[in-house]
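Trainee: Below are the structure tokens for one structure; questions will follow.
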Amino acid sequence: MTCRCGESNKAPAKHSFRRTVAGTTFTATADVESCAGCGDVYVPSSLMLAFERAVAGELARRGPICDETFRWIRKAAGVERGELAQILGVTPETIAGWESERRPIDHAAWRLVAAMVLDGVEGPRAVRTRLKIPHRPAATSAAIGTEHVLELPPGGMVARVLSLLAGPIDFTDADVADALDLDLAALRAQLRELAALGLIRATPVPGQGDAERWTPSTRDPAALLRAADAAGVELDAPIARPSRKGDGVAHARPSSSSWRATSS
Ligand SMILES: [Zn+2]
């Protein structure tokens, strides 16, 4: 890629992220590339999303529960107001009210969205485990005015899938599709490509149809990502999202291909 200054050589650079949410300032530093000519820094969008997700993960773990954090984690969970309203049985205006301090926030709703965020960051966990989130209103937050340095998770979707699979828990493809809000058939196609490169391998899950549990070649996420990179895997490549049906709720299972099989 050639810079607008005409230079095509790159130089390593650092980029600092900084964002203040509900009184806490979050920072992170990432290795990026810059133009060797003019010094313009190139920050991939997947890295910006990774920073927003890291902030959301921290807020989901520790709160505080307030309008600003609710909006932040809802967006990070990738759930639209209309969709969340349908899940909760409230109106989109109610959610807009929670996100603008016009209405006191429903703490159960906050915890549900926080759980969705953490499923996407750490992989799915039992609901009871997920709902143990500190009950901390913004006004009494000890974090106000403090600065918090975040470790940036991998940015690209393929990198996120590999990181989940390298974690301490073995997930099925359906678990990963649910946690990362991905189309199951598209995810399976991607997993098979990674398996063909020897990065992961599949074990059928008895009694769960065609679901497979995927085991990584190494439990060290950084090493797995390096091996994938060395094998030519495009770690930033997107994976299709589930198609949303008319009711606004995701239908990851059964996959669209099995629907076609039964209706034809
Ligand atoms: Zn340049």
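We label chains A, B, ... in the order they appear in the structure tokens, count residues from 1 in each chain, and number ligands from 1 in the order shown.
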Collect all residues with atoms no farther than 9 Å from ligand 1, counting only C-alpha atoms and all ligand atoms, and output them as a PyMOL selection string.

Mentor: chain A and resi 2-10+34-41

Trainee: Can you check which parts of segment 36-128 of chain A lie within 9 Å of segment 169-190 of chain A? Per residue, the shortest pair of atoms and distance in Å to one decimal, counting only C-alpha atoms, sorted by chain and number, as a Markdown table.

Mentor:
| residue | atom | partner | partner_atom | distance |
| --- | --- | --- | --- | --- |
| A:Ala77 | CA | A:Asp181 | CA | 8.9 |
| A:Gly78 | CA | A:Asp181 | CA | 8.2 |
| A:Met116 | CA | A:Ala179 | CA | 7.4 |
| A:Val117 | CA | A:Ala179 | CA | 8.5 |
| A:Leu118 | CA | A:Ala179 | CA | 8.6 |
| A:Asp119 | CA | A:Ala179 | CA | 5.1 |
| A:Gly120 | CA | A:Ala179 | CA | 4.8 |
| A:Val121 | CA | A:Ala179 | CA | 8.2 |
| A:Glu122 | CA | A:Ala179 | CA | 8.6 |
| A:Gly123 | CA | A:Ala179 | CA | 5.8 |
| A:Pro124 | CA | A:Ala179 | CA | 5.7 |

Trainee: Between A:Gly198, A:Trp110, A:Ile65, A:Arg160, which is the closest to Ala227 of chain A once you count only C-alpha atoms?

Mentor: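 Checking each of A:Gly198, A:Trp110, A:Ile65, A:Arg160 against Ala227 of chain A, counting only C-alpha atoms, the winner is A:Gly198.
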
Trainee: Find, counting only C-alpha atoms, the residue in A:Gly97, A:Pro44, A:Pro242, A:Pro153 that gets nearest to Ala28 of chain A.

Mentor: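 Between A:Gly97, A:Pro44, A:Pro242, A:Pro153, the residue approaching Ala28 of chain A most closely is A:Pro153.
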
Trainee: So which residues touch segment 193-197 of chain A within 10 Å, counting only C-alpha atoms, skipping near sequence neighbours fewer than 4 positions away, as an NGL selection string?

Mentor: :A and (158 or 162 or 187-189 or 201-202 or 214-217 or 227-228 or 231-233)

Trainee: Write a file of the selected residues as a PDB file, in the first residue's frame, keeping N, CA and C atoms.

Mentor:
ATOM      1  N   VAL A 158     -10.838 -13.524  12.671  1.00  0.00           N
ATOM      2  CA  VAL A 158     -10.194 -14.838  12.673  1.00  0.00           C
ATOM      3  C   VAL A 158      -9.251 -14.945  13.877  1.00  0.00           C
ATOM      4  N   LEU A 162      -9.400 -17.719  17.003  1.00  0.00           N
ATOM      5  CA  LEU A 162      -8.247 -18.522  17.423  1.00  0.00           C
ATOM      6  C   LEU A 162      -7.926 -18.282  18.900  1.00  0.00           C
ATOM      7  N   LEU A 187     -18.657 -19.802  10.032  1.00  0.00           N
ATOM      8  CA  LEU A 187     -17.599 -20.087  11.012  1.00  0.00           C
ATOM      9  C   LEU A 187     -17.004 -21.470  10.755  1.00  0.00           C
ATOM     10  N   ARG A 188     -17.894 -22.466  10.499  1.00  0.00           N
ATOM     11  CA  ARG A 188     -17.393 -23.829  10.263  1.00  0.00           C
ATOM     12  C   ARG A 188     -16.472 -23.888   9.056  1.00  0.00           C
ATOM     13  N   ALA A 189     -16.826 -23.152   7.996  1.00  0.00           N
ATOM     14  CA  ALA A 189     -15.976 -23.132   6.802  1.00  0.00           C
ATOM     15  C   ALA A 189     -14.595 -22.585   7.165  1.00  0.00           C
ATOM     16  N   ARG A 201      -7.802 -28.808  15.649  1.00  0.00           N
ATOM     17  CA  ARG A 201      -8.408 -30.046  15.151  1.00  0.00           C
ATOM     18  C   ARG A 201      -9.752 -30.272  15.831  1.00  0.00           C
ATOM     19  N   ALA A 202     -10.611 -31.038  15.127  1.00  0.00           N
ATOM     20  CA  ALA A 202     -11.994 -31.197  15.577  1.00  0.00           C
ATOM     21  C   ALA A 202     -12.231 -32.552  16.206  1.00  0.00           C
ATOM     22  N   TRP A 214     -13.428 -27.908  19.131  1.00  0.00           N
ATOM     23  CA  TRP A 214     -12.180 -27.608  18.436  1.00  0.00           C
ATOM     24  C   TRP A 214     -11.044 -27.406  19.431  1.00  0.00           C
ATOM     25  N   THR A 215      -9.959 -28.145  19.217  1.00  0.00           N
ATOM     26  CA  THR A 215      -8.808 -28.093  20.108  1.00  0.00           C
ATOM     27  C   THR A 215      -7.644 -27.429  19.371  1.00  0.00           C
ATOM     28  N   PRO A 216      -6.967 -26.485  20.022  1.00  0.00           N
ATOM     29  CA  PRO A 216      -5.860 -25.795  19.355  1.00  0.00           C
ATOM     30  C   PRO A 216      -4.571 -26.623  19.397  1.00  0.00           C
ATOM     31  N   SER A 217      -3.656 -26.351  18.481  1.00  0.00           N
ATOM     32  CA  SER A 217      -2.365 -27.053  18.479  1.00  0.00           C
ATOM     33  C   SER A 217      -1.512 -26.569  19.645  1.00  0.00           C
ATOM     34  N   ALA A 227       1.704 -18.747  14.759  1.00  0.00           N
ATOM     35  CA  ALA A 227       1.711 -19.897  13.845  1.00  0.00           C
ATOM     36  C   ALA A 227       0.734 -19.663  12.691  1.00  0.00           C
ATOM     37  N   ALA A 228      -0.433 -19.088  13.012  1.00  0.00           N
ATOM     38  CA  ALA A 228      -1.427 -18.812  11.967  1.00  0.00           C
ATOM     39  C   ALA A 228      -0.884 -17.778  10.987  1.00  0.00           C
ATOM     40  N   ALA A 231       1.534 -19.275   8.723  1.00  0.00           N
ATOM     41  CA  ALA A 231       0.902 -20.166   7.745  1.00  0.00           C
ATOM     42  C   ALA A 231       0.129 -19.373   6.682  1.00  0.00           C
ATOM     43  N   GLY A 232       0.157 -18.036   6.790  1.00  0.00           N
ATOM     44  CA  GLY A 232      -0.485 -17.205   5.774  1.00  0.00           C
ATOM     45  C   GLY A 232      -1.958 -16.924   6.037  1.00  0.00           C
ATOM     46  N   VAL A 233      -2.435 -17.203   7.262  1.00  0.00           N
ATOM     47  CA  VAL A 233      -3.846 -16.943   7.588  1.00  0.00           C
ATOM     48  C   VAL A 233      -4.071 -15.437   7.690  1.00  0.00           C
TER      49      VAL A 233
END

Trainee: Could you please determine the separation between atom CA of Ala50 of chain A and atom CA of Glu33 of chain A in Å, to one decimal place?

Mentor: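 Computing the Euclidean distance for atom CA of Ala50 of chain A and atom CA of Glu33 of chain A yields 16.6 Å.
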
Trainee: Need the shell around Glu99 of chain A: protein/DNA/RNA residues with any atom at most 10 Å away, counting only C-alpha atoms. Skip same-chain ones fewer than 4 positions apart. Format as a list in words?

Mentor: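 Here the qualifying residues turn out to be Cys66, Asp67, Glu68, Thr69, Phe70, Arg71, Trp72, Arg74, Glu93, Thr94, Ile95, Arg103, Pro104 and Ile105 of chain A.
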
Trainee: Write a file of the just-selected residues containing N, CA and C atoms, as an mmCIF file, in the first residue's frame.

Mentor:
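Okay, result.cif is ready:
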data_model
loop_
_atom_site.group_PDB
_atom_site.id
_atom_site.type_symbol
_atom_site.label_atom_id
_atom_site.label_comp_id
_atom_site.auth_asym_id
_atom_site.auth_seq_id
_atom_site.Cartn_x
_atom_site.Cartn_y
_atom_site.Cartn_z
ATOM 1 N N CYS A 66 -24.130 2.881 34.571
ATOM 2 C CA CYS A 66 -24.699 4.213 34.323
ATOM 3 C C CYS A 66 -25.063 4.338 32.846
ATOM 4 N N ASP A 67 -25.685 5.472 32.481
ATOM 5 C CA ASP A 67 -26.147 5.661 31.109
ATOM 6 C C ASP A 67 -25.021 5.499 30.090
ATOM 7 N N GLU A 68 -23.874 6.101 30.403
ATOM 8 C CA GLU A 68 -22.760 6.086 29.454
ATOM 9 C C GLU A 68 -22.205 4.674 29.261
ATOM 10 N N THR A 69 -22.041 3.933 30.364
ATOM 11 C CA THR A 69 -21.484 2.575 30.244
ATOM 12 C C THR A 69 -22.494 1.646 29.580
ATOM 13 N N PHE A 70 -23.793 1.877 29.834
ATOM 14 C CA PHE A 70 -24.805 1.023 29.191
ATOM 15 C C PHE A 70 -24.712 1.162 27.683
ATOM 16 N N ARG A 71 -24.648 2.405 27.195
ATOM 17 C CA ARG A 71 -24.576 2.631 25.749
ATOM 18 C C ARG A 71 -23.311 1.984 25.182
ATOM 19 N N TRP A 72 -22.200 2.153 25.910
ATOM 20 C CA TRP A 72 -20.909 1.639 25.437
ATOM 21 C C TRP A 72 -20.935 0.120 25.311
ATOM 22 N N ARG A 74 -23.562 -1.877 25.184
ATOM 23 C CA ARG A 74 -24.564 -2.358 24.222
ATOM 24 C C ARG A 74 -23.976 -2.339 22.808
ATOM 25 N N GLU A 93 -37.577 3.217 23.226
ATOM 26 C CA GLU A 93 -37.502 4.525 23.903
ATOM 27 C C GLU A 93 -37.060 4.347 25.352
ATOM 28 N N THR A 94 -37.490 3.243 25.965
ATOM 29 C CA THR A 94 -37.054 2.966 27.342
ATOM 30 C C THR A 94 -35.539 2.824 27.388
ATOM 31 N N ILE A 95 -35.005 2.083 26.401
ATOM 32 C CA ILE A 95 -33.554 1.875 26.364
ATOM 33 C C ILE A 95 -32.849 3.201 26.080
ATOM 34 N N ARG A 103 -33.973 7.983 32.492
ATOM 35 C CA ARG A 103 -34.640 6.956 33.284
ATOM 36 C C ARG A 103 -33.583 6.213 34.077
ATOM 37 N N PRO A 104 -33.909 5.772 35.311
ATOM 38 C CA PRO A 104 -32.962 4.934 36.049
ATOM 39 C C PRO A 104 -32.740 3.629 35.277
ATOM 40 N N ILE A 105 -31.507 3.180 35.215
ATOM 41 C CA ILE A 105 -31.191 1.979 34.441
ATOM 42 C C ILE A 105 -31.705 0.732 35.129
#

Trainee: Measuring between only C-alpha atoms, which one of A:Ala13, A:Leu191, A:Glu147, A:Gly155 shows the shortest distance to Glu212 of chain A?

Mentor: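 Answer, going by the shortest atom-to-atom distance: A:Leu191.
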
Trainee: Please report, as a PyMOL selection string, each residue of segment 25-262 of chain A to which DSSP assigns helix (DSSP H, G or I) when run on this structure's backbone.

Mentor: chain A and resi 45-62+67-77+81-88+92-98+107-122+127-130+138-140+157-166+173-180+184-196+221-230+256-262

Trainee: Mind checking which residues fall within 12 Å of Ala85 of chain A, counting only C-alpha atoms, ignoring those fewer than 2 positions away in the same chain, and posting them as a list in words?

Mentor: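 Within the cut-off, the hits are Arg74, Val79, Glu80, Arg81, Gly82, Glu83, Ile87, Leu88, Gly89, Val90, Thr91, Pro92, Glu93, Thr94, Ile95, Ala96, Gly97, Trp98, Ala109, Val113, Asp247, Gly248 and Val249 of chain A.
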
Trainee: Neighbouring residues of Pro154 of chain A were defined as those with any atom within 12 Å, considering only C-alpha atoms; residues of the same chain fewer than 2 positions away were excluded. Please report them as an mmCIF file with N, CA and C atoms, in the first residue's frame.

Mentor:
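Result went into selection_15.cif, see below:
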data_model
loop_
_atom_site.group_PDB
_atom_site.id
_atom_site.type_symbol
_atom_site.label_atom_id
_atom_site.label_comp_id
_atom_site.auth_asym_id
_atom_site.auth_seq_id
_atom_site.Cartn_x
_atom_site.Cartn_y
_atom_site.Cartn_z
ATOM 1 N N ALA A 30 -0.386 0.067 21.030
ATOM 2 C CA ALA A 30 -0.304 -1.037 20.073
ATOM 3 C C ALA A 30 0.830 -0.797 19.083
ATOM 4 N N ASP A 31 1.418 -1.887 18.611
ATOM 5 C CA ASP A 31 2.418 -1.817 17.541
ATOM 6 C C ASP A 31 1.692 -1.668 16.219
ATOM 7 N N PRO A 44 -5.170 0.064 11.813
ATOM 8 C CA PRO A 44 -6.255 -0.728 11.225
ATOM 9 C C PRO A 44 -7.549 -0.596 12.035
ATOM 10 N N SER A 45 -8.689 -0.635 11.336
ATOM 11 C CA SER A 45 -9.964 -0.477 12.046
ATOM 12 C C SER A 45 -10.191 -1.621 13.028
ATOM 13 N N SER A 46 -9.634 -2.812 12.711
ATOM 14 C CA SER A 46 -9.815 -3.942 13.633
ATOM 15 C C SER A 46 -9.163 -3.645 14.986
ATOM 16 N N LEU A 47 -8.084 -2.847 14.948
ATOM 17 C CA LEU A 47 -7.385 -2.480 16.193
ATOM 18 C C LEU A 47 -8.201 -1.461 16.995
ATOM 19 N N MET A 48 -8.847 -0.532 16.266
ATOM 20 C CA MET A 48 -9.705 0.441 16.968
ATOM 21 C C MET A 48 -10.866 -0.284 17.635
ATOM 22 N N LEU A 49 -11.436 -1.263 16.907
ATOM 23 C CA LEU A 49 -12.541 -2.042 17.486
ATOM 24 C C LEU A 49 -12.053 -2.858 18.679
ATOM 25 N N ALA A 50 -10.807 -3.354 18.582
ATOM 26 C CA ALA A 50 -10.252 -4.136 19.686
ATOM 27 C C ALA A 50 -10.134 -3.271 20.936
ATOM 28 N N PHE A 51 -9.757 -2.003 20.761
ATOM 29 C CA PHE A 51 -9.655 -1.094 21.915
ATOM 30 C C PHE A 51 -11.037 -0.849 22.513
ATOM 31 N N GLU A 52 -12.022 -0.586 21.650
ATOM 32 C CA GLU A 52 -13.387 -0.363 22.160
ATOM 33 C C GLU A 52 -13.910 -1.588 22.899
ATOM 34 N N ARG A 53 -13.544 -2.774 22.387
ATOM 35 C CA ARG A 53 -13.993 -4.016 23.034
ATOM 36 C C ARG A 53 -13.285 -4.206 24.375
ATOM 37 N N ALA A 54 -11.997 -3.834 24.416
ATOM 38 C CA ALA A 54 -11.249 -3.959 25.668
ATOM 39 C C ALA A 54 -11.846 -3.039 26.724
ATOM 40 N N VAL A 121 -15.684 -11.669 24.709
ATOM 41 C CA VAL A 121 -14.280 -11.422 25.043
ATOM 42 C C VAL A 121 -13.605 -12.705 25.531
ATOM 43 N N GLU A 122 -14.302 -13.459 26.387
ATOM 44 C CA GLU A 122 -13.680 -14.619 27.053
ATOM 45 C C GLU A 122 -14.206 -15.950 26.583
ATOM 46 N N GLU A 151 -4.730 -4.076 28.192
ATOM 47 C CA GLU A 151 -4.016 -4.929 27.252
ATOM 48 C C GLU A 151 -4.944 -5.122 26.058
ATOM 49 N N LEU A 152 -4.461 -4.863 24.854
ATOM 50 C CA LEU A 152 -5.345 -4.974 23.692
ATOM 51 C C LEU A 152 -5.502 -6.425 23.253
ATOM 52 N N GLY A 156 -8.719 -8.673 14.633
ATOM 53 C CA GLY A 156 -9.474 -9.278 13.539
ATOM 54 C C GLY A 156 -10.322 -10.457 13.998
ATOM 55 N N MET A 157 -11.381 -10.778 13.235
ATOM 56 C CA MET A 157 -12.313 -11.827 13.661
ATOM 57 C C MET A 157 -11.657 -13.199 13.691
ATOM 58 N N VAL A 158 -10.838 -13.524 12.671
ATOM 59 C CA VAL A 158 -10.194 -14.838 12.673
ATOM 60 C C VAL A 158 -9.251 -14.945 13.877
ATOM 61 N N ALA A 159 -8.570 -13.844 14.198
ATOM 62 C CA ALA A 159 -7.689 -13.822 15.373
ATOM 63 C C ALA A 159 -8.494 -14.022 16.657
ATOM 64 N N ARG A 160 -9.692 -13.431 16.714
ATOM 65 C CA ARG A 160 -10.524 -13.581 17.919
ATOM 66 C C ARG A 160 -10.966 -15.033 18.092
ATOM 67 N N VAL A 161 -11.338 -15.671 16.969
ATOM 68 C CA VAL A 161 -11.757 -17.077 17.035
ATOM 69 C C VAL A 161 -10.602 -17.934 17.551
ATOM 70 N N LEU A 162 -9.400 -17.719 17.003
ATOM 71 C CA LEU A 162 -8.247 -18.522 17.423
ATOM 72 C C LEU A 162 -7.926 -18.282 18.900
ATOM 73 N N SER A 163 -8.047 -17.026 19.353
ATOM 74 C CA SER A 163 -7.753 -16.723 20.754
ATOM 75 C C SER A 163 -8.724 -17.429 21.691
ATOM 76 N N LEU A 164 -10.003 -17.454 21.301
ATOM 77 C CA LEU A 164 -10.995 -18.172 22.125
ATOM 78 C C LEU A 164 -10.643 -19.655 22.200
ATOM 79 N N PRO A 221 -2.190 -18.472 23.366
ATOM 80 C CA PRO A 221 -2.868 -17.723 22.299
ATOM 81 C C PRO A 221 -1.895 -16.971 21.393
ATOM 82 N N ALA A 222 -0.869 -16.351 21.982
ATOM 83 C CA ALA A 222 0.085 -15.581 21.165
ATOM 84 C C ALA A 222 0.829 -16.503 20.203
ATOM 85 N N LEU A 224 -0.257 -19.391 19.051
ATOM 86 C CA LEU A 224 -1.194 -19.870 18.031
ATOM 87 C C LEU A 224 -1.383 -18.810 16.940
ATOM 88 N N LEU A 225 -1.476 -17.537 17.356
ATOM 89 C CA LEU A 225 -1.647 -16.458 16.373
ATOM 90 C C LEU A 225 -0.396 -16.311 15.509
ATOM 91 N N ARG A 226 0.785 -16.483 16.134
ATOM 92 C CA ARG A 226 2.034 -16.402 15.348
ATOM 93 C C ARG A 226 2.089 -17.527 14.321
ATOM 94 N N LEU A 235 -5.571 -12.881 9.497
ATOM 95 C CA LEU A 235 -6.161 -12.805 10.848
ATOM 96 C C LEU A 235 -7.236 -11.727 10.961
ATOM 97 N N ASP A 236 -7.199 -10.736 10.074
ATOM 98 C CA ASP A 236 -8.181 -9.648 10.097
ATOM 99 C C ASP A 236 -9.429 -9.961 9.276
#

Trainee: Between atom CA of Arg219 of chain A and atom CA of Pro204 of chain A, what distance in Å does the model show, to one decimal?

Mentor: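 Interatomic distance, atom CA of Arg219 of chain A to atom CA of Pro204 of chain A: 19.7 Å.
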
Trainee: Within 8 Å of Val32 of chain A, counting only C-alpha atoms, which residues qualify if same-chain residues fewer than 5 places away don't, as a ChimeraX atom specification?

Mentor: /A:12-15,41-43

Trainee: If I take atom CA of Thr25 of chain A and atom CA of Ser100 of chain A, how far is one from the other in Å, to one decimal?

Mentor: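 Value for the atom CA of Thr25 of chain A-atom CA of Ser100 of chain A distance: 20.0 Å.
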